[in-house]
Amino acid sequence: MTNASSWSGVHGQSAEARRSAGLLAELRQMSRVSVQENGLLNQAQAAAVLGVSPRRVAELVELGRLTRLDFLGRTYVSVREVLERREADVKAGRPARSIPQRIRAAARVMGNYDPVNAAIDVITPEPKKRKK
């Protein structure tokens, strides 16, 4: 019969002791990064701060707009980066079109417009709204 302590591993530590040491080292690294980044938020918390969905935060991470930080099997983002993004007041949706882009879009619409309908629109006045 062998003693369980004789199976303690290569360096004289049990697997549990090595696991604990690894977790402690990762926790220390997480603490250092947290100080550098003014804190860490999970994606749901970051979404609440930014006023977007957690899925959008995941997209921002995928696009490289926010840095992904993985510790202890969980994903976090930097409080500093989240606050910088919130303060930048990034507008939702597509950016405004330039004047040449607007002219091209209007030309495309007018190119598809039937001349007969255009003439009718010019001749026919807009219906007046009834007063209550």
# chains A, B, ... in the order shown; residues from 1 in each chain; ligands from 1
call {"tool": "select_by_dssp", "arguments": {"residues": "region 34-113 of chain A", "states": "strand (DSSP E)", "output": "list in words"}}
result
Leu40, Leu41, Leu69, Asp70, Phe71, Arg74, Thr75, Tyr76, Val77 and Ser78 of chain A
call {"tool": "write_last_selection", "arguments": {"atoms": "C-alpha atoms", "output": "PDB file, in the first residue's frame"}}
result
ATOM      1  CA  LEU A  40     -12.794  45.979 -14.008  1.00  0.00           C
ATOM      2  CA  LEU A  41     -16.377  45.435 -15.152  1.00  0.00           C
ATOM      3  CA  LEU A  69      -9.349  40.956 -19.931  1.00  0.00           C
ATOM      4  CA  ASP A  70      -9.756  37.331 -18.808  1.00  0.00           C
ATOM      5  CA  PHE A  71      -9.218  36.399 -15.166  1.00  0.00           C
ATOM      6  CA  ARG A  74     -14.374  35.262 -16.533  1.00  0.00           C
ATOM      7  CA  THR A  75     -14.214  38.102 -19.042  1.00  0.00           C
ATOM      8  CA  TYR A  76     -13.864  41.722 -17.976  1.00  0.00           C
ATOM      9  CA  VAL A  77     -13.356  45.119 -19.591  1.00  0.00           C
ATOM     10  CA  SER A  78     -11.532  48.178 -18.308  1.00  0.00           C
TER      11      SER A  78
END
call {"tool": "residues_around", "arguments": {"residues": "Ala47 (chain A)", "least_positions_apart": "2", "cutoff": "12 Å", "atoms": "only C-alpha atoms", "output": "list in words"}}
result
Leu41, Asn42, Gln43, Ala44, Gln45, Val49, Leu50, Gly51, Val52, Ser53, Pro54, Arg55, Arg56, Val57, Ala58, Glu59, Leu60, Val61, Leu66, Tyr76, Val77, Val79, Val82, Leu83, Arg85 and Arg86 of chain A
call {"tool": "write_last_selection", "arguments": {"atoms": "C-alpha atoms", "output": "compact mmCIF listing (two decimals), in the first residue's frame"}}
result
# COMPACT_ATOMS: atom_id res chain seq x y z
CA LEU A 41 -16.38 45.43 -15.15
CA ASN A 42 -18.09 42.39 -16.55
CA GLN A 43 -19.94 42.85 -19.85
CA ALA A 44 -23.37 43.30 -18.24
CA GLN A 45 -22.02 46.05 -15.96
CA VAL A 49 -22.76 52.12 -17.90
CA LEU A 50 -22.75 52.63 -21.68
CA GLY A 51 -26.52 52.28 -22.09
CA VAL A 52 -26.20 49.44 -24.61
CA SER A 53 -26.86 45.69 -24.59
CA PRO A 54 -24.31 43.19 -23.28
CA ARG A 55 -24.14 41.82 -26.83
CA ARG A 56 -23.04 45.25 -28.07
CA VAL A 57 -20.27 45.29 -25.45
CA ALA A 58 -19.16 41.88 -26.76
CA GLU A 59 -19.14 43.35 -30.29
CA LEU A 60 -17.04 46.30 -29.10
CA VAL A 61 -14.57 43.81 -27.62
CA LEU A 66 -12.66 47.68 -25.72
CA TYR A 76 -13.86 41.72 -17.98
CA VAL A 77 -13.36 45.12 -19.59
CA VAL A 79 -13.48 50.79 -16.35
CA VAL A 82 -15.68 52.18 -20.70
CA LEU A 83 -15.72 55.67 -19.17
CA ARG A 85 -16.12 55.61 -24.52
CA ARG A 86 -19.09 56.98 -22.57
call {"tool": "atom_distance", "arguments": {"atom1": "CA of Ala46 (chain A)", "atom2": "CA of Glu62 (chain A)"}}
result
14.6 Å
call {"tool": "atom_distance", "arguments": {"atom1": "CA of Arg80 (chain A)", "atom2": "CA of Asn38 (chain A)"}}
result
5.8 Å
call {"tool": "atom_distance", "arguments": {"atom1": "CA of Arg28 (chain A)", "atom2": "CA of Leu63 (chain A)"}}
result
28.0 Å
